[in-house]
>>> print(open('entry.cif').read())   # mmCIF, C-alpha atoms
data_upload
#
loop_
_atom_site.group_PDB
_atom_site.id
_atom_site.type_symbol
_atom_site.label_atom_id
_atom_site.label_comp_id
_atom_site.auth_asym_id
_atom_site.auth_seq_id
_atom_site.Cartn_x
_atom_site.Cartn_y
_atom_site.Cartn_z
ATOM 1 C CA MET A 1 -119.619 -35.172 56.864
ATOM 2 C CA LYS A 2 -116.204 -36.498 57.739
ATOM 3 C CA LEU A 3 -117.776 -39.618 59.236
ATOM 4 C CA HIS A 4 -119.681 -40.227 56.005
ATOM 5 C CA ASP A 5 -116.483 -39.814 53.984
ATOM 6 C CA LEU A 6 -114.818 -42.393 56.201
ATOM 7 C CA GLN A 7 -117.715 -44.804 55.745
ATOM 8 C CA VAL A 8 -117.553 -44.384 51.981
ATOM 9 C CA GLU A 9 -113.795 -44.935 52.009
ATOM 10 C CA LEU A 10 -114.153 -48.105 54.085
ATOM 11 C CA GLY A 11 -117.058 -49.415 52.051
ATOM 12 C CA LEU A 12 -119.507 -49.248 54.962
ATOM 13 C CA ASP A 13 -121.855 -46.574 53.703
ATOM 14 C CA ASN A 14 -124.097 -49.047 51.916
ATOM 15 C CA LEU A 15 -124.727 -50.876 55.188
ATOM 16 C CA GLN A 16 -125.926 -47.865 57.173
ATOM 17 C CA THR A 17 -129.484 -47.989 55.947
ATOM 18 C CA ASP A 18 -132.871 -48.574 57.473
ATOM 19 C CA GLY A 19 -133.801 -51.291 54.992
ATOM 20 C CA LEU A 20 -133.646 -55.049 55.211
ATOM 21 C CA LEU A 21 -129.862 -55.053 54.974
ATOM 22 C CA HIS A 22 -129.549 -53.035 58.175
ATOM 23 C CA ARG A 23 -131.560 -55.704 59.997
ATOM 24 C CA ALA A 24 -129.705 -58.581 58.357
ATOM 25 C CA PRO A 25 -127.520 -60.916 60.453
ATOM 26 C CA ALA A 26 -124.003 -59.696 61.163
ATOM 27 C CA PRO A 27 -122.296 -62.374 58.998
ATOM 28 C CA LEU A 28 -124.395 -61.316 56.007
ATOM 29 C CA ARG A 29 -123.512 -57.650 56.537
ATOM 30 C CA VAL A 30 -119.812 -58.525 56.747
ATOM 31 C CA PHE A 31 -120.074 -60.587 53.563
ATOM 32 C CA LEU A 32 -121.843 -57.843 51.614
ATOM 33 C CA ALA A 33 -119.342 -55.251 52.867
ATOM 34 C CA ASP A 34 -116.455 -57.187 51.321
ATOM 35 C CA LYS A 35 -116.215 -56.542 47.588
ATOM 36 C CA ARG A 36 -114.214 -59.723 47.052
ATOM 37 C CA GLY A 37 -116.950 -61.967 48.403
ATOM 38 C CA VAL A 38 -119.678 -60.125 46.513
ATOM 39 C CA ALA A 39 -117.680 -60.352 43.274
ATOM 40 C CA GLY A 40 -117.034 -64.070 43.767
ATOM 41 C CA LEU A 41 -120.688 -64.757 44.542
ATOM 42 C CA LEU A 42 -121.865 -62.793 41.501
ATOM 43 C CA ILE A 43 -119.442 -64.644 39.218
ATOM 44 C CA LEU A 44 -120.539 -68.020 40.585
ATOM 45 C CA LEU A 45 -124.217 -67.092 40.252
ATOM 46 C CA LEU A 46 -123.634 -65.872 36.695
ATOM 47 C CA LEU A 47 -121.973 -69.161 35.737
ATOM 48 C CA THR A 48 -124.762 -71.155 37.378
ATOM 49 C CA VAL A 49 -127.519 -69.146 35.695
ATOM 50 C CA ALA A 50 -125.757 -69.461 32.337
ATOM 51 C CA ALA A 51 -125.494 -73.243 32.795
ATOM 52 C CA LEU A 52 -129.126 -73.656 33.834
ATOM 53 C CA GLY A 53 -130.337 -71.310 31.116
ATOM 54 C CA ALA A 54 -128.410 -72.983 28.303
ATOM 55 C CA PRO A 55 -131.560 -74.104 26.403
ATOM 56 C CA TRP A 56 -132.782 -70.493 26.329
ATOM 57 C CA LEU A 57 -129.420 -68.787 25.727
ATOM 58 C CA THR A 58 -128.515 -70.734 22.608
ATOM 59 C CA GLU A 59 -130.535 -72.356 19.854
ATOM 60 C CA PHE A 60 -127.798 -74.756 18.776
ATOM 61 C CA PRO A 61 -127.359 -78.278 20.206
ATOM 62 C CA PRO A 62 -123.926 -78.845 21.763
ATOM 63 C CA ASP A 63 -123.345 -82.260 20.197
ATOM 64 C CA ARG A 64 -124.467 -81.699 16.608
ATOM 65 C CA MET A 65 -123.091 -79.881 13.606
ATOM 66 C CA SER A 66 -124.649 -76.441 13.276
ATOM 67 C CA ALA A 67 -122.383 -74.630 10.770
ATOM 68 C CA MET A 68 -119.211 -74.888 8.744
ATOM 69 C CA PRO A 69 -116.083 -76.139 10.566
ATOM 70 C CA HIS A 70 -113.791 -73.717 12.402
ATOM 71 C CA LEU A 71 -115.826 -70.586 11.830
ATOM 72 C CA PRO A 72 -114.462 -67.647 13.854
ATOM 73 C CA PRO A 73 -116.757 -65.863 16.332
ATOM 74 C CA ASP A 74 -119.496 -63.832 14.643
ATOM 75 C CA GLY A 75 -123.045 -62.671 15.215
ATOM 76 C CA ASP A 76 -124.556 -66.131 14.715
ATOM 77 C CA HIS A 77 -121.931 -68.156 16.567
ATOM 78 C CA TRP A 78 -120.616 -65.992 19.410
ATOM 79 C CA LEU A 79 -117.607 -68.213 20.119
ATOM 80 C CA GLY A 80 -117.201 -69.757 16.679
ATOM 81 C CA THR A 81 -117.456 -73.429 15.769
ATOM 82 C CA THR A 82 -115.278 -76.498 16.199
ATOM 83 C CA ARG A 83 -113.658 -78.582 13.510
ATOM 84 C CA MET A 84 -116.835 -80.676 13.444
ATOM 85 C CA GLY A 85 -118.989 -77.559 13.020
ATOM 86 C CA LYS A 86 -120.394 -77.607 16.586
ATOM 87 C CA ASP A 87 -121.203 -74.313 18.263
ATOM 88 C CA VAL A 88 -118.569 -73.544 20.923
ATOM 89 C CA PHE A 89 -120.851 -71.247 22.920
ATOM 90 C CA ALA A 90 -123.473 -74.000 23.194
ATOM 91 C CA GLN A 91 -120.817 -76.483 24.274
ATOM 92 C CA LEU A 92 -119.507 -74.047 26.882
ATOM 93 C CA LEU A 93 -122.959 -73.534 28.422
ATOM 94 C CA TYR A 94 -123.976 -77.182 28.421
ATOM 95 C CA GLY A 95 -120.502 -78.204 29.541
ATOM 96 C CA ALA A 96 -120.872 -75.923 32.551
ATOM 97 C CA GLN A 97 -123.815 -78.025 33.703
ATOM 98 C CA ALA A 98 -121.705 -81.170 33.951
ATOM 99 C CA SER A 99 -118.460 -79.591 35.167
ATOM 100 C CA LEU A 100 -120.060 -77.451 37.886
ATOM 101 C CA THR A 101 -122.234 -80.372 39.014
ATOM 102 C CA VAL A 102 -119.238 -82.685 39.289
ATOM 103 C CA GLY A 103 -117.115 -80.111 41.107
ATOM 104 C CA LEU A 104 -119.774 -78.969 43.565
ATOM 105 C CA LEU A 105 -121.018 -82.517 44.204
ATOM 106 C CA ALA A 106 -117.530 -83.879 44.807
ATOM 107 C CA GLY A 107 -116.639 -80.900 47.001
ATOM 108 C CA ALA A 108 -119.839 -81.147 49.054
ATOM 109 C CA LEU A 109 -119.633 -84.924 49.578
ATOM 110 C CA ALA A 110 -115.930 -84.873 50.468
ATOM 111 C CA THR A 111 -116.460 -81.967 52.861
ATOM 112 C CA LEU A 112 -119.445 -83.595 54.571
ATOM 113 C CA ILE A 113 -117.574 -86.857 55.052
ATOM 114 C CA GLY A 114 -114.415 -85.130 56.245
ATOM 115 C CA VAL A 115 -116.228 -82.807 58.672
ATOM 116 C CA PHE A 116 -118.355 -85.569 60.212
ATOM 117 C CA VAL A 117 -115.494 -88.038 60.529
ATOM 118 C CA GLY A 118 -113.073 -85.421 61.854
ATOM 119 C CA MET A 119 -115.481 -84.048 64.473
ATOM 120 C CA CYS A 120 -116.414 -87.515 65.713
ATOM 121 C CA ALA A 121 -112.764 -88.510 66.036
ATOM 122 C CA GLY A 122 -111.796 -85.314 67.838
ATOM 123 C CA TYR A 123 -114.824 -85.152 70.136
ATOM 124 C CA PHE A 124 -115.140 -88.767 71.292
ATOM 125 C CA GLY A 125 -111.426 -89.639 71.249
ATOM 126 C CA GLY A 126 -110.265 -92.962 72.640
ATOM 127 C CA ARG A 127 -110.478 -96.116 70.585
ATOM 128 C CA LEU A 128 -112.887 -94.519 68.108
ATOM 129 C CA ASP A 129 -110.291 -91.832 67.422
ATOM 130 C CA ASP A 130 -107.639 -94.496 66.832
ATOM 131 C CA VAL A 131 -109.845 -96.389 64.372
ATOM 132 C CA ILE A 132 -110.920 -93.263 62.492
ATOM 133 C CA SER A 133 -107.349 -91.942 62.366
ATOM 134 C CA PHE A 134 -106.224 -95.235 60.829
ATOM 135 C CA ILE A 135 -108.969 -95.028 58.189
ATOM 136 C CA VAL A 136 -108.051 -91.400 57.472
ATOM 137 C CA ASN A 137 -104.390 -92.330 57.017
ATOM 138 C CA VAL A 138 -105.398 -95.058 54.578
ATOM 139 C CA ALA A 139 -107.630 -92.625 52.663
ATOM 140 C CA LEU A 140 -104.787 -90.108 52.442
ATOM 141 C CA VAL A 141 -102.456 -92.550 50.707
ATOM 142 C CA ILE A 142 -105.026 -93.681 48.119
ATOM 143 C CA PRO A 143 -104.190 -91.754 44.931
ATOM 144 C CA ALA A 144 -107.370 -90.504 43.306
ATOM 145 C CA LEU A 145 -106.080 -89.987 39.778
ATOM 146 C CA PRO A 146 -104.527 -93.468 39.335
ATOM 147 C CA LEU A 147 -107.700 -94.980 40.801
ATOM 148 C CA ILE A 148 -109.804 -93.169 38.205
ATOM 149 C CA ILE A 149 -107.416 -94.334 35.494
ATOM 150 C CA VAL A 150 -107.913 -97.955 36.632
ATOM 151 C CA ILE A 151 -111.697 -97.524 36.745
ATOM 152 C CA ALA A 152 -111.668 -95.946 33.284
ATOM 153 C CA SER A 153 -109.743 -98.912 31.932
ATOM 154 C CA PHE A 154 -112.408 -101.304 33.250
ATOM 155 C CA VAL A 155 -115.489 -99.363 32.164
ATOM 156 C CA ASP A 156 -113.985 -98.229 28.843
ATOM 157 C CA SER A 157 -114.669 -94.552 29.625
ATOM 158 C CA ALA A 158 -115.554 -93.018 32.966
ATOM 159 C CA SER A 159 -118.505 -90.649 32.968
ATOM 160 C CA PRO A 160 -118.179 -87.244 34.649
ATOM 161 C CA MET A 161 -120.359 -88.452 37.549
ATOM 162 C CA VAL A 162 -118.138 -91.486 38.134
ATOM 163 C CA ILE A 163 -115.102 -89.224 38.209
ATOM 164 C CA GLY A 164 -116.835 -86.936 40.713
ATOM 165 C CA LEU A 165 -117.806 -89.801 43.030
ATOM 166 C CA VAL A 166 -114.277 -91.212 43.016
ATOM 167 C CA LEU A 167 -112.847 -87.785 43.801
ATOM 168 C CA ALA A 168 -115.333 -87.392 46.658
ATOM 169 C CA ALA A 169 -114.540 -90.856 48.041
ATOM 170 C CA THR A 170 -110.802 -90.171 48.057
ATOM 171 C CA GLY A 171 -110.675 -86.434 48.759
ATOM 172 C CA TRP A 172 -112.036 -86.155 52.315
ATOM 173 C CA GLY A 173 -108.897 -87.233 54.199
ATOM 174 C CA TRP A 174 -107.169 -83.866 54.613
ATOM 175 C CA THR A 175 -110.401 -82.167 55.669
ATOM 176 C CA ALA A 176 -111.003 -84.863 58.285
ATOM 177 C CA ARG A 177 -107.492 -84.510 59.696
ATOM 178 C CA ILE A 178 -107.705 -80.714 59.964
ATOM 179 C CA ILE A 179 -111.202 -80.804 61.506
ATOM 180 C CA ARG A 180 -110.102 -83.448 64.022
ATOM 181 C CA ALA A 181 -107.188 -81.291 65.183
ATOM 182 C CA GLN A 182 -109.440 -78.258 65.594
ATOM 183 C CA THR A 183 -112.095 -80.286 67.414
ATOM 184 C CA LEU A 184 -109.491 -81.537 69.881
ATOM 185 C CA GLN A 185 -108.787 -77.911 70.818
ATOM 186 C CA ILE A 186 -112.422 -76.833 71.055
ATOM 187 C CA ARG A 187 -113.855 -79.778 73.015
ATOM 188 C CA HIS A 188 -112.140 -78.636 76.239
ATOM 189 C CA LYS A 189 -113.509 -75.082 76.060
ATOM 190 C CA ASP A 190 -115.798 -73.856 78.827
ATOM 191 C CA PHE A 191 -118.876 -73.562 76.632
ATOM 192 C CA ILE A 192 -118.515 -77.208 75.559
ATOM 193 C CA LEU A 193 -118.209 -78.334 79.185
ATOM 194 C CA ALA A 194 -121.278 -76.251 80.034
ATOM 195 C CA ALA A 195 -123.255 -77.907 77.245
ATOM 196 C CA GLN A 196 -122.194 -81.336 78.504
ATOM 197 C CA LEU A 197 -123.277 -80.465 82.049
ATOM 198 C CA LEU A 198 -126.686 -79.482 80.666
ATOM 199 C CA ASN A 199 -126.920 -83.001 79.161
ATOM 200 C CA GLU A 200 -127.161 -81.767 75.589
ATOM 201 C CA PRO A 201 -126.924 -84.641 73.072
ATOM 202 C CA TRP A 202 -123.600 -85.151 71.341
ATOM 203 C CA TRP A 203 -125.011 -84.399 67.895
ATOM 204 C CA ARG A 204 -126.278 -81.028 69.090
ATOM 205 C CA ILE A 205 -122.934 -80.168 70.658
ATOM 206 C CA LEU A 206 -121.185 -80.995 67.402
ATOM 207 C CA ALA A 207 -123.661 -79.137 65.174
ATOM 208 C CA ALA A 208 -124.500 -76.109 67.327
ATOM 209 C CA HIS A 209 -121.325 -75.472 69.337
ATOM 210 C CA ILE A 210 -118.286 -76.971 67.612
ATOM 211 C CA LEU A 211 -119.133 -76.683 63.905
ATOM 212 C CA PRO A 212 -119.832 -72.888 63.900
ATOM 213 C CA ASN A 213 -116.346 -72.305 65.320
ATOM 214 C CA MET A 214 -114.795 -74.084 62.340
ATOM 215 C CA LEU A 215 -116.727 -72.340 59.576
ATOM 216 C CA SER A 216 -113.656 -70.995 57.796
ATOM 217 C CA LEU A 217 -111.980 -74.427 57.809
ATOM 218 C CA VAL A 218 -115.109 -76.105 56.458
ATOM 219 C CA VAL A 219 -115.564 -73.561 53.665
ATOM 220 C CA SER A 220 -111.851 -73.680 52.823
ATOM 221 C CA GLY A 221 -112.013 -77.460 52.560
ATOM 222 C CA PHE A 222 -115.080 -77.246 50.330
ATOM 223 C CA VAL A 223 -113.524 -74.607 48.085
ATOM 224 C CA LEU A 224 -110.225 -76.449 47.659
ATOM 225 C CA THR A 225 -111.930 -79.799 47.050
ATOM 226 C CA THR A 226 -114.317 -78.274 44.514
ATOM 227 C CA ILE A 227 -111.517 -76.585 42.605
ATOM 228 C CA TYR A 228 -109.482 -79.798 42.682
ATOM 229 C CA ALA A 229 -112.469 -81.808 41.415
ATOM 230 C CA ILE A 230 -113.140 -79.433 38.520
ATOM 231 C CA LEU A 231 -109.476 -79.397 37.515
ATOM 232 C CA ALA A 232 -109.084 -83.167 37.937
ATOM 233 C CA GLU A 233 -112.203 -83.907 35.910
ATOM 234 C CA ALA A 234 -111.093 -81.565 33.148
ATOM 235 C CA GLY A 235 -107.544 -82.933 33.213
ATOM 236 C CA LEU A 236 -108.628 -86.569 33.039
ATOM 237 C CA GLU A 237 -110.972 -85.893 30.164
ATOM 238 C CA PHE A 238 -108.314 -83.799 28.446
ATOM 239 C CA ILE A 239 -105.967 -86.801 28.328
ATOM 240 C CA GLY A 240 -108.770 -89.034 27.044
ATOM 241 C CA LEU A 241 -109.758 -90.982 30.180
ATOM 242 C CA GLY A 242 -113.284 -89.602 30.376
ATOM 243 C CA ASP A 243 -116.336 -90.142 28.230
ATOM 244 C CA PRO A 244 -115.594 -88.341 24.921
ATOM 245 C CA SER A 245 -119.299 -88.263 24.051
ATOM 246 C CA ALA A 246 -120.131 -86.186 27.153
ATOM 247 C CA VAL A 247 -120.187 -82.398 26.897
ATOM 248 C CA THR A 248 -118.031 -80.888 29.644
ATOM 249 C CA TRP A 249 -115.287 -78.313 29.838
ATOM 250 C CA GLY A 250 -112.788 -81.178 29.877
ATOM 251 C CA THR A 251 -114.101 -82.805 26.713
ATOM 252 C CA ILE A 252 -114.089 -79.396 24.990
ATOM 253 C CA LEU A 253 -110.355 -79.230 25.686
ATOM 254 C CA PHE A 254 -109.916 -82.871 24.623
ATOM 255 C CA TRP A 255 -111.538 -82.368 21.234
ATOM 256 C CA GLY A 256 -109.727 -79.068 20.777
ATOM 257 C CA GLN A 257 -106.444 -80.910 21.221
ATOM 258 C CA GLN A 258 -107.539 -83.761 18.975
ATOM 259 C CA ASN A 259 -108.559 -81.310 16.265
ATOM 260 C CA SER A 260 -105.287 -79.330 16.534
ATOM 261 C CA ALA A 261 -107.241 -76.169 17.211
ATOM 262 C CA LEU A 262 -104.297 -74.048 18.325
ATOM 263 C CA GLN A 263 -102.113 -75.256 15.469
ATOM 264 C CA VAL A 264 -104.637 -74.044 12.897
ATOM 265 C CA GLY A 265 -105.330 -70.807 14.771
ATOM 266 C CA ALA A 266 -108.783 -71.747 16.097
ATOM 267 C CA TRP A 267 -108.105 -70.359 19.549
ATOM 268 C CA TRP A 268 -111.837 -70.000 20.252
ATOM 269 C CA GLU A 269 -112.130 -73.780 20.549
ATOM 270 C CA ILE A 270 -109.731 -73.886 23.533
ATOM 271 C CA LEU A 271 -109.603 -70.577 25.394
ATOM 272 C CA PRO A 272 -113.290 -70.196 26.427
ATOM 273 C CA ALA A 273 -113.242 -73.473 28.388
ATOM 274 C CA CYS A 274 -109.900 -72.555 29.984
ATOM 275 C CA PHE A 275 -111.251 -69.149 30.973
ATOM 276 C CA ALA A 276 -114.440 -70.707 32.416
ATOM 277 C CA ILE A 277 -112.419 -73.083 34.622
ATOM 278 C CA MET A 278 -110.171 -70.244 35.764
ATOM 279 C CA LEU A 279 -113.155 -67.975 36.486
ATOM 280 C CA THR A 280 -114.880 -70.655 38.571
ATOM 281 C CA GLY A 281 -111.783 -71.210 40.696
ATOM 282 C CA ALA A 282 -111.289 -67.470 41.177
ATOM 283 C CA ALA A 283 -114.918 -67.008 42.270
ATOM 284 C CA LEU A 284 -114.657 -69.753 44.882
ATOM 285 C CA VAL A 285 -111.401 -68.350 46.236
ATOM 286 C CA LEU A 286 -112.865 -64.845 46.525
ATOM 287 C CA ILE A 287 -115.817 -66.217 48.490
ATOM 288 C CA ASN A 288 -113.428 -68.108 50.743
ATOM 289 C CA PHE A 289 -111.527 -64.883 51.557
ATOM 290 C CA THR A 290 -114.700 -63.259 52.843
ATOM 291 C CA VAL A 291 -115.793 -66.318 54.821
ATOM 292 C CA ASP A 292 -112.397 -66.244 56.559
ATOM 293 C CA GLU A 293 -113.117 -62.706 57.719
ATOM 294 C CA ILE A 294 -116.584 -63.671 58.947
ATOM 295 C CA ALA A 295 -115.205 -66.557 61.004
ATOM 296 C CA ASN A 296 -112.107 -64.702 62.223
ATOM 297 C CA PRO A 297 -112.787 -61.310 63.852
ATOM 298 C CA LEU A 298 -109.039 -60.624 63.985
ATOM 299 C CA LEU A 299 -108.915 -60.482 60.179
ATOM 300 C CA ARG A 300 -111.776 -57.986 60.140
ATOM 301 C CA LYS A 301 -110.008 -55.861 62.740
ATOM 302 C CA ARG A 302 -106.754 -55.799 60.784
ATOM 303 C CA ARG A 303 -108.566 -54.996 57.548
ATOM 304 C CA GLY A 304 -110.422 -52.165 59.237
ATOM 305 C CA GLU A 305 -107.234 -50.777 60.764
ATOM 306 C CA LYS A 306 -105.483 -50.780 57.385
ATOM 307 C CA ALA A 307 -108.420 -49.025 55.755
ATOM 308 C CA VAL A 308 -108.520 -46.360 58.469
ATOM 309 C CA ILE A 309 -104.739 -45.755 58.224
ATOM 310 C CA ALA A 310 -104.973 -45.481 54.419
ATOM 311 C CA TYR A 311 -107.825 -42.978 54.741
ATOM 312 C CA LEU A 312 -105.945 -40.842 57.291
ATOM 313 C CA ARG A 313 -102.837 -40.774 55.123
ATOM 314 C CA LYS A 314 -104.922 -39.815 52.103
ATOM 315 C CA LYS A 315 -106.240 -36.824 54.059
ATOM 316 C CA GLY A 316 -102.721 -35.843 55.158
ATOM 317 C CA LEU A 317 -103.375 -36.560 58.840
ATOM 318 C CA PRO A 318 -100.630 -37.864 61.114
ATOM 319 C CA VAL A 319 -100.573 -41.633 61.661
ATOM 320 C CA ASN A 320 -98.617 -43.524 64.334
ATOM 321 C CA ASP A 321 -97.435 -46.793 62.781
#
>>> encode(input="entry.cif", output="structure tokens")
Amino acid sequence: MKLHDLQVELGLDNLQTDGLLHRAPAPLRVFLADKRGVAGLLILLLLTVAALGAPWLTEFPPDRMSAMPHLPPDGDHWLGTTRMGKDVFAQLLYGAQASLTVGLLAGALATLIGVFVGMCAGYFGGRLDDVISFIVNVALVIPALPLIIVIASFVDSASPMVIGLVLAATGWGWTARIIRAQTLQIRHKDFILAAQLLNEPWWRILAAHILPNMLSLVVSGFVLTTIYAILAEAGLEFIGLGDPSAVTWGTILFWGQQNSALQVGAWWEILPACFAIMLTGAALVLINFTVDEIANPLLRKRRGEKAVIAYLRKKGLPVND
């Protein structure tokens, strides 16, 4: 009975089952045992489902007038209407499609480029490392936001996808530098030398032996780049450098500012988009916390020790600090 109480206190009781979860891989069990990762994943899935299900969740088009201007939230319009009479809830759902796509696409592309370039530079070394390091240093000094401003001035208004591609093309430098440094440490390990002696191809060594040991760095780079892309896209559209006809979280904020929503008390035109951006960033960060524990057994050990000490103190048992 005491063992079961300890499992409940540590959040491990739901894993001691004979079902599919008990036979699941260890990383999945660790992820599901961490409430932060589960919460982050559920929030991200909820946002994704809401974005994909926009046509079924609302009957109003996001870009057309559907009621009187600046109506407060009610039973028909859950988040009220804008100054132009557009449904804010519909705009929030359809805007999630563009904003999440831009953020995830930019984060994935930048991470893929940075991981591949960094591993190649760190593993092969020599002249290739010198050339790649020079390119990385050039990429690091290219400012993404001014570049998007220049592009927007040439194309009149940059679409969300253009903004995402520019952010991906300029946001891989730091990931590449961090991955290169980690690869330099790993490539001299015994298991890498053993793989080389077995004549394994270089791509297999990178994908099967080096990459799994950098999982937390890869996920951290993806999370940070995705959050940066979502914020940058929203910020650029908020100041009027995006396409004002597109429906994104950034353009919702742009039109809310243009329509003086806060000045007239129409808070519902601004706050939902701000809360959606904040919620997306929080979900990604929570997932990243759990991935760190999966990739770093020391973090799991420390977390387990703290939970055990807290449980013993709760029961009034002596604890040696």
>>> closest_residue(input="entry.cif", among="A:Ile178, A:Leu140, A:Leu241, A:Ala50", to="Leu100 in chain A", atoms="all atoms listed in the file")
A:Ala50
>>> residues_around(input="entry.cif", residues="Phe191 in chain A", least_positions_apart="2", cutoff="12 Å", atoms="all atoms listed in the file", output="PyMOL selection string")
chain A and resi 186-189+193-198+200+205+208-210+213
>>> closest_residue(input="entry.cif", among="A:Ala169, A:Ala176, A:Leu279, A:Val291", to="Ala121 in chain A", atoms="only C-alpha atoms")
A:Ala176
>>> atom_distance(input="entry.cif", atom1="CA of Gly126 in chain A", atom2="CA of Leu184 in chain A")
11.8 Å
>>> residues_around(input="entry.cif", residues="Asp243 in chain A", least_positions_apart="3", cutoff="8 Å", atoms="all atoms listed in the file", output="short mmCIF file (atom, residue, chain, number, x, y, z; two decimals) with C-alpha atoms, keeping the file's coordinate frame")
data_model
loop_
_atom_site.label_atom_id
_atom_site.label_comp_id
_atom_site.auth_asym_id
_atom_site.auth_seq_id
_atom_site.Cartn_x
_atom_site.Cartn_y
_atom_site.Cartn_z
CA SER A 157 -114.67 -94.55 29.62
CA ALA A 158 -115.55 -93.02 32.97
CA SER A 159 -118.50 -90.65 32.97
CA PRO A 160 -118.18 -87.24 34.65
CA GLU A 237 -110.97 -85.89 30.16
CA GLY A 240 -108.77 -89.03 27.04
CA ALA A 246 -120.13 -86.19 27.15
CA THR A 251 -114.10 -82.80 26.71
#
>>> atom_distance(input="entry.cif", atom1="CA of Leu104 in chain A", atom2="CA of Phe289 in chain A")
18.2 Å
>>> atom_distance(input="entry.cif", atom1="CA of Leu112 in chain A", atom2="CA of Gly221 in chain A")
9.8 Å
>>> resolve_selection(input="entry.cif", expression="the PyMOL selection byres ((chain A and resi 58-69) around 7)", output="JSON, numbers by chain")
{"A": [54, 55, 56, 57, 70, 71, 81, 82, 83, 84, 85, 86, 87, 90, 91, 94]}
>>> closest_residue(input="entry.cif", among="A:Thr225, A:Asn199, A:Asn288, A:Asn259", to="Gly107 in chain A", atoms="only C-alpha atoms")
A:Thr225
>>> closest_residue(input="entry.cif", among="A:Leu165, A:Val247, A:Val285, A:Ala232", to="Ala106 in chain A", atoms="only C-alpha atoms")
A:Leu165
>>> resolve_selection(input="entry.cif", expression="the PyMOL selection byres ((chain A and resi 102) around 9)", output="NGL selection string")
:A and (97-101 or 103-107 or 160-165 or 226 or 229-230 or 233)
>>> closest_residue(input="entry.cif", among="A:Leu284, A:Val88, A:Leu167, A:Met278", to="Ile252 in chain A", atoms="only C-alpha atoms")
A:Val88
>>> closest_residue(input="entry.cif", among="A:Gly95, A:Gly173, A:Ala266, A:Pro272", to="Val117 in chain A", atoms="all atoms listed in the file")
A:Gly173
>>> residues_around(input="entry.cif", residues="Leu215 in chain A", least_positions_apart="6", cutoff="12 Å", atoms="all atoms listed in the file", output="compact mmCIF listing (two decimals) with C-alpha atoms, keeping the file's coordinate frame")
# COMPACT_ATOMS: atom_id res chain seq x y z
CA PRO A 27 -122.30 -62.37 59.00
CA THR A 111 -116.46 -81.97 52.86
CA VAL A 115 -116.23 -82.81 58.67
CA ILE A 179 -111.20 -80.80 61.51
CA GLN A 182 -109.44 -78.26 65.59
CA ALA A 207 -123.66 -79.14 65.17
CA ALA A 208 -124.50 -76.11 67.33
CA HIS A 209 -121.32 -75.47 69.34
CA GLY A 221 -112.01 -77.46 52.56
CA PHE A 222 -115.08 -77.25 50.33
CA ASN A 288 -113.43 -68.11 50.74
CA THR A 290 -114.70 -63.26 52.84
CA VAL A 291 -115.79 -66.32 54.82
CA ASP A 292 -112.40 -66.24 56.56
CA GLU A 293 -113.12 -62.71 57.72
CA ILE A 294 -116.58 -63.67 58.95
CA ALA A 295 -115.20 -66.56 61.00
CA ASN A 296 -112.11 -64.70 62.22
>>> resolve_selection(input="entry.cif", expression="the PyMOL selection byres ((chain A and resi 36) around 8)", output="PyMOL selection string")
chain A and resi 34-35+37-40+286-287+289-290
>>> axis_aligned_box(input="entry.cif", around="range 116-131 of chain A", padding_each_side="4 Å", output="lines of an AutoDock Vina configuration file")
center_x = -113.0
center_y = -90.2
center_z = 66.4
size_x = 18.7
size_y = 20.3
size_z = 20.4
>>> residues_around(input="entry.cif", residues="Ala96 in chain A", least_positions_apart="6", cutoff="9 Å", atoms="only C-alpha atoms", output="PyMOL selection string")
chain A and resi 47-48+50-52+247-249+276
>>> write_last_selection(input="entry.cif", atoms="C-alpha atoms", output="mmCIF file, keeping the file's coordinate frame")
data_model
loop_
_atom_site.group_PDB
_atom_site.id
_atom_site.type_symbol
_atom_site.label_atom_id
_atom_site.label_comp_id
_atom_site.auth_asym_id
_atom_site.auth_seq_id
_atom_site.Cartn_x
_atom_site.Cartn_y
_atom_site.Cartn_z
ATOM 1 C CA LEU A 47 -121.973 -69.161 35.737
ATOM 2 C CA THR A 48 -124.762 -71.155 37.378
ATOM 3 C CA ALA A 50 -125.757 -69.461 32.337
ATOM 4 C CA ALA A 51 -125.494 -73.243 32.795
ATOM 5 C CA LEU A 52 -129.126 -73.656 33.834
ATOM 6 C CA VAL A 247 -120.187 -82.398 26.897
ATOM 7 C CA THR A 248 -118.031 -80.888 29.644
ATOM 8 C CA TRP A 249 -115.287 -78.313 29.838
ATOM 9 C CA ALA A 276 -114.440 -70.707 32.416
#
>>> decode(input="entry.cif", residues="range 34-46 of chain A", atoms="C-alpha atoms", output="PDB file, in the first residue's frame")
ATOM      1  CA  ASP A  34       5.372  14.232 -17.145  1.00  0.00           C
ATOM      2  CA  LYS A  35       2.270  16.385 -16.753  1.00  0.00           C
ATOM      3  CA  ARG A  36       3.989  19.356 -18.375  1.00  0.00           C
ATOM      4  CA  GLY A  37       4.614  17.531 -21.635  1.00  0.00           C
ATOM      5  CA  VAL A  38       1.123  16.040 -21.708  1.00  0.00           C
ATOM      6  CA  ALA A  39      -0.425  19.463 -21.059  1.00  0.00           C
ATOM      7  CA  GLY A  40       1.674  21.086 -23.788  1.00  0.00           C
ATOM      8  CA  LEU A  41       0.820  18.353 -26.283  1.00  0.00           C
ATOM      9  CA  LEU A  42      -2.899  18.583 -25.500  1.00  0.00           C
ATOM     10  CA  ILE A  43      -2.873  22.370 -25.910  1.00  0.00           C
ATOM     11  CA  LEU A  44      -1.032  22.122 -29.229  1.00  0.00           C
ATOM     12  CA  LEU A  45      -3.388  19.398 -30.467  1.00  0.00           C
ATOM     13  CA  LEU A  46      -6.404  21.456 -29.394  1.00  0.00           C
TER      14      LEU A  46
END
